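Chemist: Quick one: the structure is below, questions incoming.
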Amino acid sequence: MDKSDVTLERMRTFVRVAERGSLSAVARELGVGQSTVTRHLRELEDAVGVPLLSRTTRRVTMTDEGSRYYADSIQILRLVEQAGDEARGTRGAAAGTIRISCTAALGVLHVSRLIFVFQDRYPDIGIDLSLTDERIDLVREGVDIALRLGPLTDSSMKLRVLGQSRRLLVAAPAYLAARGRPAVPQDLPGHEGIRMSNIAGSDTLALQGPGGEGHAVPFGGRFRVDHGLAAREALVAGRGIAPAHHWLVDDLLAAGRLEVILPDYAPPPIPLSMLIVPERAGIARVRLLVDFLAERIGGIPGIEKPR
């Protein structure tokens, strides 16, 4: 390989360093030494003839020339992937890896199972599933698709609305036997609430009544947690009452381990959306997964697909 060549390997390395702002992070991601990343960048800059990155002891940023080269590189790499997709399409084989990020509890309980079905249908497609409730930077983390609950503000991503996640108030029979069953929303302040520490305003519970009227009641408790699966365990252990997504507790309700309380008063549903990195949306394997999830997500309990 001539040192003056612009290769796809060097270009991919540059793109990921530009996105992550860290040579060491990209080295770990690619499974190579940091010296290899440094060499790829130096050889690419030698081939292009201009500095693409500005390096300090703390961070790596793009030069003006680097920003323009990054935009062109993204398009080139996308075209290369699409060309490969089209070539493989002549023999009907979709292949490659898709990186997907998903809300943690939803991913563990339901989305992972959908992915198994998808991979049975497309055995040459690899899936790298990352489970987190944090709003990560998809481009920086190299993610193609993200499934997220709640309102979204990132207008740079392609957005596909999947539906609304219905919620209800639940508690264990043992808790209700010990503490009594609330009859109206105003009874809730006298009960133990299981609250999510990563949701703002969890000390007030918003409910919709049978006529659509709103209720806001104080909601306290000694146990707060930042993960849905831990809240599920606390409910089963009889630690209190919690607003829960239907898909989080559907099996426990069916088994009688949890019960719905105040069935005429429900927390407002939460939107479920899919974010897609625009530069990845045209790749065949990504399109296949996007369409598959959009079709199958309505089969998850409590997810009401948009009309």
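A note on labels: chains of the structure tokens are A, B, ... as shown, every chain counts residues from 1, and ligands are counted from 1 in their shown order.
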Counting only C-alpha atoms, what are the residues of region 129-196 of chain A within 7 Å of region 210-226 of chain A, and for each of them which pair of atoms is the nearest and at what distance in Å, to one decimal? Sort the table by chain and rising number, as CSV.

Modeler:
residue,atom,partner,partner_atom,distance
A:Pro185,CA,A:Val217,CA,6.9
A:Gln186,CA,A:Val217,CA,6.7
A:Leu188,CA,A:Phe219,CA,6.9
A:Pro189,CA,A:Pro218,CA,5.6
A:Glu192,CA,A:Gly221,CA,4.6
A:Gly193,CA,A:Gly221,CA,4.5
A:Ile194,CA,A:Phe223,CA,5.6
A:Arg195,CA,A:Arg224,CA,4.8
A:Met196,CA,A:Val225,CA,5.1

Chemist: Output the selection as a CSV table (one decimal), in the first residue's frame - C-alpha atoms for each residue.

Modeler:
chain,number,residue,atom,x,y,z
A,185,PRO,CA,-56.3,9.4,43.5
A,186,GLN,CA,-56.4,11.5,46.6
A,188,LEU,CA,-52.2,7.9,47.0
A,189,PRO,CA,-50.2,10.4,49.1
A,192,GLU,CA,-45.4,4.1,49.4
A,193,GLY,CA,-44.5,5.1,45.9
A,194,ILE,CA,-41.7,3.5,43.8
A,195,ARG,CA,-40.3,6.4,41.8
A,196,MET,CA,-37.9,6.8,38.9

Chemist: Need to verify the contact set: His246 (chain A), 8 Å, only C-alpha atoms, exclusion of same-chain residues closer than 5 positions in sequence. Can you return it as an NGL selection string?

Modeler: :A and (165-168 or 301-302)

Chemist: Grab the residues selected above and save them as a PDB file, in the first residue's frame with all heavy atoms.

Modeler:
ATOM      1  N   SER A 165     -46.926   4.251  24.375  1.00  0.00           N
ATOM      2  CA  SER A 165     -46.802   3.194  25.372  1.00  0.00           C
ATOM      3  C   SER A 165     -47.770   3.471  26.520  1.00  0.00           C
ATOM      4  O   SER A 165     -47.621   4.453  27.249  1.00  0.00           O
ATOM      5  CB  SER A 165     -45.367   3.115  25.897  1.00  0.00           C
ATOM      6  OG  SER A 165     -45.250   2.120  26.897  1.00  0.00           O
ATOM      7  N   ARG A 166     -48.779   2.595  26.655  1.00  0.00           N
ATOM      8  CA  ARG A 166     -49.807   2.781  27.681  1.00  0.00           C
ATOM      9  C   ARG A 166     -49.259   2.415  29.056  1.00  0.00           C
ATOM     10  O   ARG A 166     -48.516   1.445  29.208  1.00  0.00           O
ATOM     11  CB  ARG A 166     -51.020   1.909  27.339  1.00  0.00           C
ATOM     12  CG  ARG A 166     -52.215   2.127  28.221  1.00  0.00           C
ATOM     13  CD  ARG A 166     -53.481   1.608  27.535  1.00  0.00           C
ATOM     14  NE  ARG A 166     -53.334   0.231  27.110  1.00  0.00           N
ATOM     15  CZ  ARG A 166     -53.620  -0.827  27.887  1.00  0.00           C
ATOM     16  NH1 ARG A 166     -54.025  -0.631  29.128  1.00  0.00           N
ATOM     17  NH2 ARG A 166     -53.497  -2.039  27.421  1.00  0.00           N
ATOM     18  N   ARG A 167     -49.656   3.203  30.071  1.00  0.00           N
ATOM     19  CA  ARG A 167     -49.189   2.950  31.433  1.00  0.00           C
ATOM     20  C   ARG A 167     -50.373   2.756  32.375  1.00  0.00           C
ATOM     21  O   ARG A 167     -51.502   3.159  32.082  1.00  0.00           O
ATOM     22  CB  ARG A 167     -48.332   4.123  31.926  1.00  0.00           C
ATOM     23  CG  ARG A 167     -47.055   4.325  31.118  1.00  0.00           C
ATOM     24  CD  ARG A 167     -46.150   5.355  31.764  1.00  0.00           C
ATOM     25  NE  ARG A 167     -46.762   6.668  31.781  1.00  0.00           N
ATOM     26  CZ  ARG A 167     -46.361   7.672  32.578  1.00  0.00           C
ATOM     27  NH1 ARG A 167     -45.367   7.480  33.433  1.00  0.00           N
ATOM     28  NH2 ARG A 167     -46.947   8.852  32.520  1.00  0.00           N
ATOM     29  N   LEU A 168     -50.100   2.132  33.517  1.00  0.00           N
ATOM     30  CA  LEU A 168     -51.131   1.908  34.521  1.00  0.00           C
ATOM     31  C   LEU A 168     -50.496   1.873  35.902  1.00  0.00           C
ATOM     32  O   LEU A 168     -49.274   1.757  36.039  1.00  0.00           O
ATOM     33  CB  LEU A 168     -51.889   0.601  34.237  1.00  0.00           C
ATOM     34  CG  LEU A 168     -51.157  -0.531  33.494  1.00  0.00           C
ATOM     35  CD1 LEU A 168     -50.213  -1.233  34.418  1.00  0.00           C
ATOM     36  CD2 LEU A 168     -52.157  -1.492  32.905  1.00  0.00           C
ATOM     37  N   PRO A 301     -47.032  -5.694  24.309  1.00  0.00           N
ATOM     38  CA  PRO A 301     -48.212  -5.324  25.113  1.00  0.00           C
ATOM     39  C   PRO A 301     -48.221  -3.848  25.500  1.00  0.00           C
ATOM     40  O   PRO A 301     -47.219  -3.306  25.982  1.00  0.00           O
ATOM     41  CB  PRO A 301     -48.054  -6.205  26.372  1.00  0.00           C
ATOM     42  CG  PRO A 301     -47.257  -7.385  25.910  1.00  0.00           C
ATOM     43  CD  PRO A 301     -46.316  -6.850  24.874  1.00  0.00           C
ATOM     44  N   GLY A 302     -49.343  -3.213  25.252  1.00  0.00           N
ATOM     45  CA  GLY A 302     -49.518  -1.817  25.653  1.00  0.00           C
ATOM     46  C   GLY A 302     -48.997  -0.796  24.673  1.00  0.00           C
ATOM     47  O   GLY A 302     -49.157   0.409  24.905  1.00  0.00           O
TER      48      GLY A 302
END

Chemist: From a backbone DSSP assignment, name each residue in region 20-267 of chain A labelled helix (DSSP H, G or I), as a PyMOL selection string.

Modeler: chain A and resi 20+23-30+34-48+64-89+104-121+138-141+173-179+185-190+228-236+246-254

Chemist: I want to know what sits within 12 Å of Phe292 (chain A), based on only C-alpha atoms, with residues of the same chain fewer than 6 positions away left out; could you give that as a list in words?

Modeler: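 Result of the neighbour search: Val111, Leu114, Ile115, Phe116, Val117, Phe118, Gln119, Arg121, Tyr122, Leu162, Met274, Arg285, Val286, Gly298 and Gly299 of chain A.
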
Chemist: Using C-alpha atoms, can you export the residues from the last selection as a compact mmCIF listing (two decimals), in the first residue's frame?

Modeler:
# COMPACT_ATOMS: atom_id res chain seq x y z
CA VAL A 111 -36.91 -5.84 21.60
CA LEU A 114 -37.83 -9.25 18.02
CA ILE A 115 -34.19 -9.08 16.97
CA PHE A 116 -33.88 -12.86 17.31
CA VAL A 117 -36.77 -13.26 14.86
CA PHE A 118 -35.17 -10.70 12.52
CA GLN A 119 -31.84 -12.56 12.53
CA ARG A 121 -34.98 -14.22 8.75
CA TYR A 122 -31.67 -12.55 7.78
CA LEU A 162 -43.87 3.89 16.44
CA MET A 274 -37.29 5.35 16.36
CA ARG A 285 -29.79 -3.86 6.06
CA VAL A 286 -30.72 -0.78 8.10
CA GLY A 298 -47.25 -3.00 17.84
CA GLY A 299 -47.23 -6.60 19.08

Chemist: Region 25-39 of chain A: which residues within 12 Å, counting only C-alpha atoms, same-chain residues fewer than 4 positions away excluded, as a list in words?

Modeler: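 Once the adjacent positions are removed, what remains is Lys3, Glu9, Arg10, Met11, Arg12, Thr13, Phe14, Val15, Arg16, Val17, Ala18, Glu19, Arg20, Gly21, Glu43, Leu44, Glu45, Asp46, Leu53, Arg55, Arg59, Val60, Arg140, Glu141 and Gly142 of chain A.
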
Chemist: Which of region 45-82 of chain A counts as strand (DSSP E or B) under DSSP, as number ranges by chain please?

Modeler: A: 53-55, 60-62

Chemist: Considering only C-alpha atoms, can you say which of A:Glu259, A:Trp247, A:Arg239, A:Ala266 comes closest to Ala206 (chain A)?

Modeler: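 Looking only at the distances to Ala206 (chain A), the closest residue turns out to be A:Ala266.
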
Chemist: Identify, on the basis of only C-alpha atoms, every residue whose closest approach to Pro51 (chain A) does not exceed 12 Å; exclude the query and any residue fewer than 3 positions from it along the same chain; express the result as JSON, numbers by chain.

Modeler: {"A": [14, 41, 42, 43, 44, 45, 46, 47, 48, 54, 55, 61, 62, 63, 64, 65, 66, 67, 68, 69]}

Chemist: Filtering to C-alpha atoms, could you give me those residues as an mmCIF file, in the first residue's frame?

Modeler:
data_model
loop_
_atom_site.group_PDB
_atom_site.id
_atom_site.type_symbol
_atom_site.label_atom_id
_atom_site.label_comp_id
_atom_site.auth_asym_id
_atom_site.auth_seq_id
_atom_site.Cartn_x
_atom_site.Cartn_y
_atom_site.Cartn_z
ATOM 1 C CA PHE A 14 -10.702 9.654 10.229
ATOM 2 C CA LEU A 41 -4.601 9.705 10.222
ATOM 3 C CA ARG A 42 -1.059 10.790 9.417
ATOM 4 C CA GLU A 43 -1.056 8.821 6.156
ATOM 5 C CA LEU A 44 -4.454 10.205 5.147
ATOM 6 C CA GLU A 45 -3.350 13.774 5.821
ATOM 7 C CA ASP A 46 -0.165 13.114 3.810
ATOM 8 C CA ALA A 47 -2.286 11.809 0.930
ATOM 9 C CA VAL A 48 -4.758 14.703 1.032
ATOM 10 C CA SER A 54 -6.180 19.598 15.290
ATOM 11 C CA ARG A 55 -4.813 17.675 18.280
ATOM 12 C CA THR A 61 -11.143 18.686 16.626
ATOM 13 C CA MET A 62 -11.514 19.092 12.885
ATOM 14 C CA THR A 63 -9.843 21.875 10.949
ATOM 15 C CA ASP A 64 -11.930 23.794 8.400
ATOM 16 C CA GLU A 65 -10.493 21.526 5.691
ATOM 17 C CA GLY A 66 -11.253 18.529 7.893
ATOM 18 C CA SER A 67 -14.910 19.527 8.263
ATOM 19 C CA ARG A 68 -15.335 19.717 4.499
ATOM 20 C CA TYR A 69 -13.455 16.446 4.013
#

Chemist: Which residue out of A:Asp85, A:Glu304, A:Asp291, A:Glu279 has the minimum interatomic distance to Val139 (chain A) when only C-alpha atoms are used?

Modeler: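 For Val139 (chain A), the nearest of the given residues is A:Glu279.
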
Chemist: Calculated over only C-alpha atoms, which of the candidates A:Gln208, A:Thr97, A:Thr103, A:Thr56 has the smallest distance to Arg135 (chain A)?

Modeler: A:Thr103

Chemist: I'd like the interatomic distance between CA of Leu149 (chain A) and CA of Pro182 (chain A), to a tenth of an Å.

Modeler: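 Straight-line distance from CA of Leu149 (chain A) to CA of Pro182 (chain A) works out to 28.1 Å.
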
Chemist: Which is closer to Gly126 (chain A) than all the others in A:Gly49, A:Gly282, A:Gly256, A:Gly96, using only C-alpha atoms?

Modeler: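 For Gly126 (chain A), the nearest of the candidates is A:Gly96.
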
Chemist: What is the CA of Ala284 (chain A) to CA of Asp124 (chain A) distance in Å?

Modeler: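 These atoms are spaced 12.6 Å apart.
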
Chemist: Please report the interatomic distance between CA of Ile199 (chain A) and CA of Leu229 (chain A) in Å with one decimal.

Modeler: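 Straight-line distance from CA of Ile199 (chain A) to CA of Leu229 (chain A) works out to 14.9 Å.
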